[in-house]
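*Asks:* Data: entry.csv, CSV, C-alpha atoms.
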```csv
chain,number,residue,atom,x,y,z
J,173,MET,CA,-205.0,-131.0,-52.3
J,174,GLY,CA,-204.8,-129.7,-48.8
J,175,LEU,CA,-206.5,-126.6,-47.5
J,176,SER,CA,-204.9,-123.2,-47.9
J,177,GLN,CA,-202.3,-124.3,-50.3
J,178,LYS,CA,-201.3,-121.5,-52.6
J,179,LEU,CA,-201.8,-121.8,-56.4
J,180,GLY,CA,-200.7,-119.3,-59.0
J,181,VAL,CA,-202.9,-118.7,-62.0
J,182,ILE,CA,-201.4,-117.1,-65.1
J,183,ALA,CA,-204.6,-115.8,-66.7
J,184,GLY,CA,-205.1,-115.2,-70.4
J,185,ASN,CA,-208.4,-114.3,-72.2
J,186,GLY,CA,-211.8,-115.8,-72.2
J,187,ARG,CA,-213.8,-117.7,-69.6
J,188,PHE,CA,-211.1,-120.4,-68.9
J,189,PRO,CA,-209.3,-118.4,-66.2
J,190,PHE,CA,-212.5,-117.8,-64.3
J,191,LEU,CA,-213.4,-121.5,-64.4
J,192,VAL,CA,-209.9,-122.5,-63.1
J,193,LEU,CA,-210.0,-119.8,-60.5
J,194,ASP,CA,-213.4,-120.8,-59.1
J,195,ALA,CA,-212.5,-124.5,-59.2
J,196,ALA,CA,-209.3,-123.9,-57.4
J,197,ARG,CA,-211.0,-121.8,-54.7
J,198,ALA,CA,-213.7,-124.5,-54.3
J,199,GLN,CA,-210.9,-127.0,-53.7
J,200,GLY,CA,-209.5,-124.9,-50.9
J,201,TYR,CA,-206.6,-123.2,-52.7
J,202,GLU,CA,-205.6,-119.6,-51.9
J,203,VAL,CA,-205.2,-118.3,-55.5
J,204,VAL,CA,-202.8,-115.6,-56.7
J,205,VAL,CA,-203.6,-114.4,-60.2
J,206,ALA,CA,-201.0,-113.0,-62.6
J,207,ALA,CA,-203.3,-111.2,-65.1
J,208,ILE,CA,-202.0,-110.2,-68.5
J,209,LYS,CA,-203.0,-106.6,-69.3
J,210,GLU,CA,-203.4,-107.2,-73.0
J,211,GLU,CA,-205.6,-110.3,-72.6
J,212,THR,CA,-207.4,-110.8,-69.2
J,213,SER,CA,-210.9,-109.5,-68.5
J,214,PRO,CA,-210.9,-106.9,-65.6
J,215,GLU,CA,-213.7,-108.9,-64.2
J,216,ILE,CA,-211.1,-111.3,-62.8
J,217,GLU,CA,-210.7,-108.7,-59.9
J,218,SER,CA,-214.2,-109.7,-58.6
J,219,ARG,CA,-213.5,-113.3,-57.9
J,220,GLY,CA,-211.9,-113.0,-54.5
J,221,ALA,CA,-208.4,-113.8,-55.4
J,222,ILE,CA,-205.2,-111.7,-55.1
J,223,VAL,CA,-204.6,-110.2,-58.6
J,224,HIS,CA,-201.4,-108.8,-60.0
J,225,TRP,CA,-201.5,-107.1,-63.4
J,226,LEU,CA,-198.5,-107.5,-65.7
J,227,SER,CA,-197.8,-107.1,-69.4
J,228,LEU,CA,-197.0,-109.8,-71.9
J,229,GLY,CA,-193.2,-110.0,-71.9
J,230,GLU,CA,-192.7,-109.2,-68.2
J,231,LEU,CA,-191.3,-112.6,-67.3
J,232,SER,CA,-189.0,-111.3,-64.5
J,233,LYS,CA,-192.0,-109.5,-63.0
J,234,LEU,CA,-194.1,-112.7,-63.1
J,235,ILE,CA,-191.3,-114.6,-61.3
J,236,GLU,CA,-190.8,-111.9,-58.7
J,237,THR,CA,-194.6,-111.6,-58.1
J,238,PHE,CA,-195.0,-115.4,-57.6
J,239,ARG,CA,-191.9,-115.7,-55.4
J,240,ARG,CA,-193.0,-112.7,-53.2
J,241,GLU,CA,-196.4,-114.4,-52.8
J,242,GLY,CA,-194.8,-117.8,-51.9
J,243,ILE,CA,-196.1,-119.6,-55.1
J,244,THR,CA,-194.4,-122.9,-56.0
J,245,ARG,CA,-197.2,-124.3,-58.1
J,246,ALA,CA,-199.0,-122.6,-61.0
J,247,VAL,CA,-201.3,-123.2,-63.9
J,248,MET,CA,-201.7,-121.3,-67.2
J,249,ALA,CA,-205.4,-120.7,-68.0
J,250,GLY,CA,-206.9,-119.0,-71.0
J,251,GLN,CA,-205.4,-118.2,-74.3
J,252,VAL,CA,-202.9,-115.6,-75.3
J,253,LYS,CA,-203.8,-114.8,-78.9
J,254,HIS,CA,-201.0,-116.2,-81.1
J,255,LYS,CA,-200.6,-112.9,-82.9
J,256,GLN,CA,-200.3,-111.0,-79.5
J,257,ILE,CA,-197.2,-113.2,-78.7
J,258,PHE,CA,-195.6,-111.8,-81.8
J,259,SER,CA,-196.9,-108.2,-81.9
J,260,SER,CA,-197.7,-106.9,-78.4
J,261,ILE,CA,-194.8,-108.4,-76.6
J,262,ARG,CA,-192.1,-106.0,-75.3
J,263,PRO,CA,-189.8,-108.5,-73.8
J,264,ASP,CA,-187.9,-107.7,-70.6
J,265,TRP,CA,-184.2,-108.9,-70.5
J,266,LYS,CA,-185.2,-112.4,-69.2
J,267,LEU,CA,-187.7,-113.0,-72.0
J,268,ALA,CA,-185.5,-111.4,-74.6
J,269,LYS,CA,-182.7,-113.9,-73.7
J,270,LEU,CA,-185.2,-116.8,-73.9
J,271,LEU,CA,-186.5,-115.7,-77.3
J,272,LEU,CA,-183.0,-115.5,-78.7
J,273,SER,CA,-182.3,-119.0,-77.5
J,274,LEU,CA,-185.3,-120.6,-79.3
J,275,GLY,CA,-184.8,-122.5,-82.6
J,276,THR,CA,-188.5,-122.0,-83.5
J,277,ARG,CA,-190.9,-119.4,-82.5
J,278,ASN,CA,-194.1,-121.5,-82.3
J,279,THR,CA,-196.4,-121.4,-79.3
J,280,ASP,CA,-195.2,-124.7,-77.9
J,281,SER,CA,-191.5,-123.9,-77.9
J,282,LEU,CA,-192.1,-120.5,-76.4
J,283,LEU,CA,-194.5,-121.7,-73.6
J,284,GLY,CA,-192.3,-124.8,-73.0
J,285,ALA,CA,-189.3,-122.5,-72.5
J,286,ILE,CA,-191.2,-120.3,-70.1
J,287,ALA,CA,-192.3,-123.4,-68.2
J,288,LYS,CA,-188.6,-124.4,-67.9
J,289,VAL,CA,-187.6,-120.9,-66.7
J,290,LEU,CA,-190.4,-121.0,-64.0
J,291,ALA,CA,-189.3,-124.5,-62.9
J,292,ASP,CA,-185.7,-123.3,-62.6
J,293,GLU,CA,-187.0,-120.5,-60.3
J,294,GLY,CA,-188.9,-123.1,-58.1
J,295,ILE,CA,-192.3,-122.6,-59.7
J,296,LYS,CA,-193.8,-125.8,-61.1
J,297,LEU,CA,-196.3,-125.4,-64.0
J,298,GLU,CA,-199.1,-128.0,-63.7
J,299,ASN,CA,-201.9,-129.2,-66.0
J,300,SER,CA,-204.5,-126.5,-66.3
J,301,THR,CA,-207.1,-129.2,-66.8
J,302,SER,CA,-206.4,-131.0,-63.5
J,303,LEU,CA,-208.9,-128.8,-61.8
J,304,LEU,CA,-211.5,-129.2,-64.6
J,305,GLU,CA,-211.6,-132.9,-65.2
J,306,PRO,CA,-215.5,-133.0,-65.5
J,307,LEU,CA,-215.4,-130.5,-68.4
J,308,LEU,CA,-213.1,-132.7,-70.6
J,309,ALA,CA,-215.0,-134.2,-73.6
J,310,LYS,CA,-216.0,-137.8,-72.8
J,311,SER,CA,-215.6,-140.5,-75.5
J,312,GLY,CA,-218.5,-141.2,-77.8
J,313,ILE,CA,-221.4,-139.4,-79.4
J,314,LEU,CA,-222.2,-136.5,-77.1
J,315,THR,CA,-225.4,-135.2,-78.9
J,316,LYS,CA,-228.8,-136.8,-79.8
J,317,ARG,CA,-227.7,-137.0,-83.4
J,318,ALA,CA,-224.9,-139.3,-84.5
J,319,PRO,CA,-222.7,-138.3,-87.5
J,320,SER,CA,-224.1,-139.3,-90.9
J,321,GLU,CA,-222.0,-141.5,-93.2
J,322,SER,CA,-220.8,-138.4,-95.2
J,323,GLU,CA,-219.9,-136.6,-91.9
J,324,LYS,CA,-217.9,-139.7,-90.8
J,325,LYS,CA,-215.9,-139.6,-94.0
J,326,ASN,CA,-215.2,-135.9,-93.4
J,327,ILE,CA,-214.1,-136.7,-89.8
J,328,ASP,CA,-211.7,-139.5,-91.0
J,329,TYR,CA,-210.2,-137.3,-93.6
J,330,GLY,CA,-210.1,-134.2,-91.3
J,331,ARG,CA,-208.4,-136.2,-88.5
J,332,SER,CA,-205.7,-137.6,-90.7
J,333,VAL,CA,-204.9,-134.1,-92.2
J,334,ALA,CA,-205.1,-132.3,-88.8
J,335,ARG,CA,-202.8,-134.9,-87.1
J,336,HIS,CA,-200.1,-134.1,-89.8
J,337,LEU,CA,-200.5,-130.3,-89.4
J,338,ALA,CA,-200.5,-130.5,-85.6
J,339,GLN,CA,-197.0,-132.0,-85.6
J,340,TYR,CA,-195.9,-128.6,-86.9
J,341,ASP,CA,-197.9,-126.6,-84.2
J,342,ILE,CA,-199.8,-124.9,-87.0
J,343,GLY,CA,-203.3,-125.2,-85.6
J,344,GLN,CA,-205.8,-127.6,-84.1
J,345,THR,CA,-208.8,-127.1,-86.3
J,346,ILE,CA,-209.6,-128.1,-89.9
J,347,VAL,CA,-213.0,-127.5,-91.6
J,348,VAL,CA,-214.0,-130.1,-94.2
J,349,ALA,CA,-216.7,-130.5,-96.9
J,350,GLU,CA,-217.0,-133.6,-99.1
J,351,ALA,CA,-213.6,-134.9,-97.8
J,352,ALA,CA,-211.8,-131.8,-98.9
J,353,ALA,CA,-210.1,-129.2,-96.7
J,354,VAL,CA,-212.0,-125.9,-96.8
J,355,ALA,CA,-210.1,-124.0,-94.1
J,356,VAL,CA,-207.2,-124.8,-91.8
J,357,GLU,CA,-206.5,-122.9,-88.5
J,358,ALA,CA,-203.3,-120.9,-88.1
J,359,MET,CA,-203.1,-118.0,-85.7
J,360,GLU,CA,-206.7,-116.8,-86.0
J,361,GLY,CA,-208.4,-119.3,-83.6
J,362,THR,CA,-211.2,-121.9,-84.1
J,363,ASP,CA,-214.2,-119.7,-84.5
J,364,ALA,CA,-212.5,-117.4,-87.0
J,365,THR,CA,-211.5,-120.5,-89.0
J,366,ILE,CA,-215.1,-121.8,-89.1
J,367,GLU,CA,-216.3,-118.4,-90.2
J,368,ARG,CA,-213.8,-118.3,-93.0
J,369,ALA,CA,-214.9,-121.7,-94.2
J,370,GLY,CA,-218.5,-120.5,-94.2
J,371,GLN,CA,-217.5,-117.4,-96.3
J,372,ILE,CA,-215.6,-119.7,-98.8
J,373,MET,CA,-218.7,-121.9,-99.2
J,374,THR,CA,-221.0,-118.8,-99.6
J,375,SER,CA,-218.6,-117.3,-102.3
J,376,MET,CA,-219.1,-120.4,-104.4
J,377,GLY,CA,-222.7,-119.4,-105.2
J,378,GLU,CA,-225.7,-121.7,-105.5
J,379,ASP,CA,-225.0,-123.6,-108.7
J,380,GLU,CA,-226.3,-127.0,-109.5
J,381,SER,CA,-223.4,-128.8,-107.8
J,382,THR,CA,-224.2,-132.3,-106.5
J,383,LEU,CA,-221.6,-131.9,-103.8
J,384,SER,CA,-222.8,-131.2,-100.3
J,385,ARG,CA,-222.0,-127.8,-98.8
J,386,ALA,CA,-222.4,-129.0,-95.2
J,387,LEU,CA,-219.2,-128.4,-93.2
J,388,THR,CA,-217.6,-130.7,-90.7
J,389,VAL,CA,-215.3,-129.2,-88.0
J,390,VAL,CA,-212.5,-131.4,-86.7
J,391,LYS,CA,-210.6,-130.1,-83.6
J,392,ILE,CA,-207.8,-132.2,-82.3
J,393,ALA,CA,-205.1,-132.1,-79.7
J,394,LYS,CA,-201.5,-132.1,-80.8
J,395,PRO,CA,-199.8,-135.5,-81.1
J,396,ASN,CA,-198.0,-134.8,-77.8
J,397,GLN,CA,-200.4,-132.3,-76.4
J,398,ASP,CA,-198.9,-130.6,-73.3
J,399,MET,CA,-201.9,-130.3,-71.0
J,400,ARG,CA,-200.2,-127.5,-69.1
J,401,PHE,CA,-201.0,-125.0,-71.9
J,402,ASP,CA,-202.8,-124.3,-75.2
J,403,VAL,CA,-205.4,-127.0,-74.4
J,404,PRO,CA,-208.1,-127.3,-77.1
J,405,VAL,CA,-211.3,-125.7,-75.9
J,406,ILE,CA,-214.8,-125.1,-77.3
J,407,GLY,CA,-217.7,-123.1,-76.0
J,408,VAL,CA,-221.3,-122.3,-76.8
J,409,LYS,CA,-220.0,-119.6,-79.2
J,410,THR,CA,-218.3,-122.3,-81.3
J,411,ILE,CA,-221.7,-123.9,-81.8
J,412,GLU,CA,-223.3,-120.6,-82.7
J,413,VAL,CA,-220.6,-119.9,-85.3
J,414,MET,CA,-221.1,-123.4,-86.7
J,415,GLN,CA,-224.8,-122.9,-87.0
J,416,LYS,CA,-224.3,-119.6,-88.8
J,417,THR,CA,-221.9,-121.1,-91.3
J,418,GLY,CA,-223.8,-124.3,-92.1
J,419,ALA,CA,-221.4,-126.6,-90.2
J,420,SER,CA,-223.3,-129.7,-89.1
J,421,CYS,CA,-220.8,-131.9,-87.3
J,422,LEU,CA,-218.0,-131.3,-84.7
J,423,ALA,CA,-215.3,-134.0,-84.0
J,424,LEU,CA,-213.1,-133.7,-80.9
J,425,ASP,CA,-210.4,-135.7,-79.1
J,426,ALA,CA,-211.8,-137.4,-76.1
J,427,GLN,CA,-210.3,-136.3,-72.7
J,428,LYS,CA,-208.1,-133.7,-74.5
J,429,CYS,CA,-210.6,-131.0,-75.3
J,430,LEU,CA,-212.4,-128.8,-72.7
J,431,LEU,CA,-216.1,-128.1,-73.1
J,432,LEU,CA,-215.9,-124.7,-71.4
J,433,ASP,CA,-219.6,-124.1,-70.9
J,434,GLY,CA,-220.4,-127.8,-70.0
J,435,ASP,CA,-223.9,-129.1,-70.8
J,436,PRO,CA,-225.2,-125.9,-72.5
J,437,ILE,CA,-222.8,-126.7,-75.4
J,438,ILE,CA,-224.5,-130.0,-76.0
J,439,GLN,CA,-228.0,-128.5,-75.6
J,440,ALA,CA,-227.1,-125.7,-78.1
J,441,ALA,CA,-225.9,-128.4,-80.6
J,442,ASP,CA,-229.0,-130.5,-80.1
J,443,ARG,CA,-231.2,-127.4,-80.8
J,444,ALA,CA,-229.2,-126.7,-84.0
J,445,ASP,CA,-229.2,-130.4,-85.1
J,446,ILE,CA,-225.4,-130.4,-84.9
J,447,SER,CA,-223.7,-133.7,-84.1
J,448,ILE,CA,-220.7,-133.8,-81.7
J,449,VAL,CA,-218.5,-136.8,-81.4
J,450,ALA,CA,-215.3,-137.4,-79.4
J,451,ASP,CA,-212.9,-140.3,-80.1
```
The structure in this file should be written as C-alpha cells.

*Replies:*
Amino acid sequence: MGLSQKLGVIAGNGRFPFLVLDAARAQGYEVVVAAIKEETSPEIESRGAIVHWLSLGELSKLIETFRREGITRAVMAGQVKHKQIFSSIRPDWKLAKLLLSLGTRNTDSLLGAIAKVLADEGIKLENSTSLLEPLLAKSGILTKRAPSESEKKNIDYGRSVARHLAQYDIGQTIVVAEAAAVAVEAMEGTDATIERAGQIMTSMGEDESTLSRALTVVKIAKPNQDMRFDVPVIGVKTIEVMQKTGASCLALDAQKCLLLDGDPIIQAADRADISIVAD
C-alpha cells in the first residue's frame, strides 16, 4: 500500500464508511468518496476526503466521477437499506439495463452485477474489510461469560437454520429461544429483527411456562460471503437492543463479522452479562 495511492469509497449508512475512510487515510491513501444522498451521513464531509454526492441508481455518474478522479480501486462501505434498493432507486439507463438483465433481484446479485460493471470500466472493487482486519471477530469466547448449555443448543440450532436461509440471501440473523426460531431477518436489519423477537416473547405473557424466554441471537456470514459488500456487522447498539429484549447470547462467524465499535462492544456485553462467541 504505497503512499498517495487513490482509493474510491462508495459510502452507505452508519459508521462503517467513517472507519474505512479513516483507516484508508491512516494508511496513506488519498480517498475519494462517492456518498449516497439517500443513505450517507453529511458528516462524511468533515473527514478530509474529496466527497461527491450522488443518488442511488446513478451508476453512470458513479463511474464518471471515479474515472475523472483517476480511481482504479474502490471499496463499498456501509449498508444501503435493502428496502431502499427497491423503493428509492430511480435507475439511470446503465442501471436500468443491468436490472433488466438480472435473474433474481436479491442484494448479492445486484451488487455483484454492479461490481462487474465497475470492473469492465477499469474500477476494481476490493474487500471492504481489508482495511479493518483488527475489527473482525476473533475465534472463541469474546466475553467474560461463556454460553450456557441451553444457549449452546440455541446456537447449534440457529446456525443450522441460518446457514440454510443464507443460501437464498434472505438474511444473516436468526433469533432463537429453546431451540425454536422466534424471528428471522429479511430486509429489516439485525437490530429490528432482535426487537421483533423481543415483542413476540412479551406478547406471550407471563404464564407458568417452564420454557426459558431468554433469546439467543445468531448472526452468520453467507456460505460464500463476498467480503466486498454486505459484510455482517454489529455495534454497541446491537448489544443495547439485546439487553432491552432479554437476549442473553450472541453467536458470530469468526473472521467474517465486523465489530464496528471494537472493544466497547465486548465491554457493553460484559456489563449486561451477555455472552458473545465466534466460531

*Asks:* Counting all atoms listed in the file, which residues sit no farther than 12 Å from the position (-209.5, -126.6, -57.0) in the file's frame? I'd like them as a PyMOL selection string.

*Replies:* chain J and resi 173-181+190-203+246-247+300-305

*Asks:* Rounded to one decimal place, report the atom CA of J:Ile366-atom CA of J:Asp445 distance in Å.

*Replies:*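 Value for the atom CA of J:Ile366-atom CA of J:Asp445 distance: 17.0 Å.
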
*Asks:* Closest to J:Arg187 among J:Leu424, J:Ala364, J:Ala318, J:Ile216, using only C-alpha atoms?

*Replies:* J:Ile216

*Asks:* Which residue is closest to J:Ala285? Choose from J:Leu270, J:Ala355, J:Ile208, J:Leu308 and count all atoms listed in the file.

*Replies:*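 With all atoms listed in the file as the atom set, the closest residue is J:Leu270.
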
*Asks:* I need the residue nearest J:Ile243 from this list: J:Gly220, J:Pro263, J:Gly294, J:Pro306. Use all atoms listed in the file for the distance.

*Replies:*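 For J:Ile243, the nearest of the candidates is J:Gly294.
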
*Asks:* Residues within 9 Å of J:Pro404, please, as a PyMOL selection string. Count all atoms listed in the file; anything in the same chain fewer than 2 positions from it doesn't count.

*Replies:* chain J and resi 344+391-394+402+406+424-425+428-431

*Asks:* Between J:Ser213, J:Ser322, J:Thr388, J:Gln427, which has the minimum distance to J:Ile446 (counting all atoms listed in the file)?

*Replies:*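 Distance minimum relative to J:Ile446 lands on J:Thr388.
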
*Asks:* Please, what distance in Å, to one decimal, runs between atom CA of J:Arg317 and atom CA of J:Ser447?

*Replies:*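 Atom-to-atom, atom CA of J:Arg317 and atom CA of J:Ser447 are spaced 5.2 Å apart.
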
*Asks:* If you measure from atom CA of J:Ala426 to atom CA of J:Gly343, what distance in Å do you get, rounded to one decimal?

*Replies:* 17.6 Å

*Asks:* Write out as a PDB file with C-alpha atoms, keeping the file's coordinate frame each polymer residue whose atoms come within 12 Å of J:Thr417, counting all atoms listed in the file; drop sequence neighbours fewer than 2 positions from it.

*Replies:*
```pdb
ATOM      1  CA  VAL J 347    -213.000-127.500 -91.600  1.00  0.00           C
ATOM      2  CA  ASP J 363    -214.200-119.700 -84.500  1.00  0.00           C
ATOM      3  CA  ALA J 364    -212.500-117.400 -87.000  1.00  0.00           C
ATOM      4  CA  THR J 365    -211.500-120.500 -89.000  1.00  0.00           C
ATOM      5  CA  ILE J 366    -215.100-121.800 -89.100  1.00  0.00           C
ATOM      6  CA  GLU J 367    -216.300-118.400 -90.200  1.00  0.00           C
ATOM      7  CA  ARG J 368    -213.800-118.300 -93.000  1.00  0.00           C
ATOM      8  CA  ALA J 369    -214.900-121.700 -94.200  1.00  0.00           C
ATOM      9  CA  GLY J 370    -218.500-120.500 -94.200  1.00  0.00           C
ATOM     10  CA  GLN J 371    -217.500-117.400 -96.300  1.00  0.00           C
ATOM     11  CA  ILE J 372    -215.600-119.700 -98.800  1.00  0.00           C
ATOM     12  CA  MET J 373    -218.700-121.900 -99.200  1.00  0.00           C
ATOM     13  CA  THR J 374    -221.000-118.800 -99.600  1.00  0.00           C
ATOM     14  CA  ARG J 385    -222.000-127.800 -98.800  1.00  0.00           C
ATOM     15  CA  ALA J 386    -222.400-129.000 -95.200  1.00  0.00           C
ATOM     16  CA  LEU J 387    -219.200-128.400 -93.200  1.00  0.00           C
ATOM     17  CA  THR J 388    -217.600-130.700 -90.700  1.00  0.00           C
ATOM     18  CA  VAL J 389    -215.300-129.200 -88.000  1.00  0.00           C
ATOM     19  CA  THR J 410    -218.300-122.300 -81.300  1.00  0.00           C
ATOM     20  CA  ILE J 411    -221.700-123.900 -81.800  1.00  0.00           C
ATOM     21  CA  GLU J 412    -223.300-120.600 -82.700  1.00  0.00           C
ATOM     22  CA  VAL J 413    -220.600-119.900 -85.300  1.00  0.00           C
ATOM     23  CA  MET J 414    -221.100-123.400 -86.700  1.00  0.00           C
ATOM     24  CA  GLN J 415    -224.800-122.900 -87.000  1.00  0.00           C
ATOM     25  CA  ALA J 419    -221.400-126.600 -90.200  1.00  0.00           C
ATOM     26  CA  SER J 420    -223.300-129.700 -89.100  1.00  0.00           C
ATOM     27  CA  CYS J 421    -220.800-131.900 -87.300  1.00  0.00           C
ATOM     28  CA  ALA J 444    -229.200-126.700 -84.000  1.00  0.00           C
ATOM     29  CA  ILE J 446    -225.400-130.400 -84.900  1.00  0.00           C
TER      30      ILE J 446
END
```

*Asks:* With all atoms listed in the file as the basis for distance, which of J:Ala351, J:Ala358, J:Met399, J:Leu314 is at the shortest distance from J:Ala423?

*Replies:*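 Closest candidate: J:Leu314.
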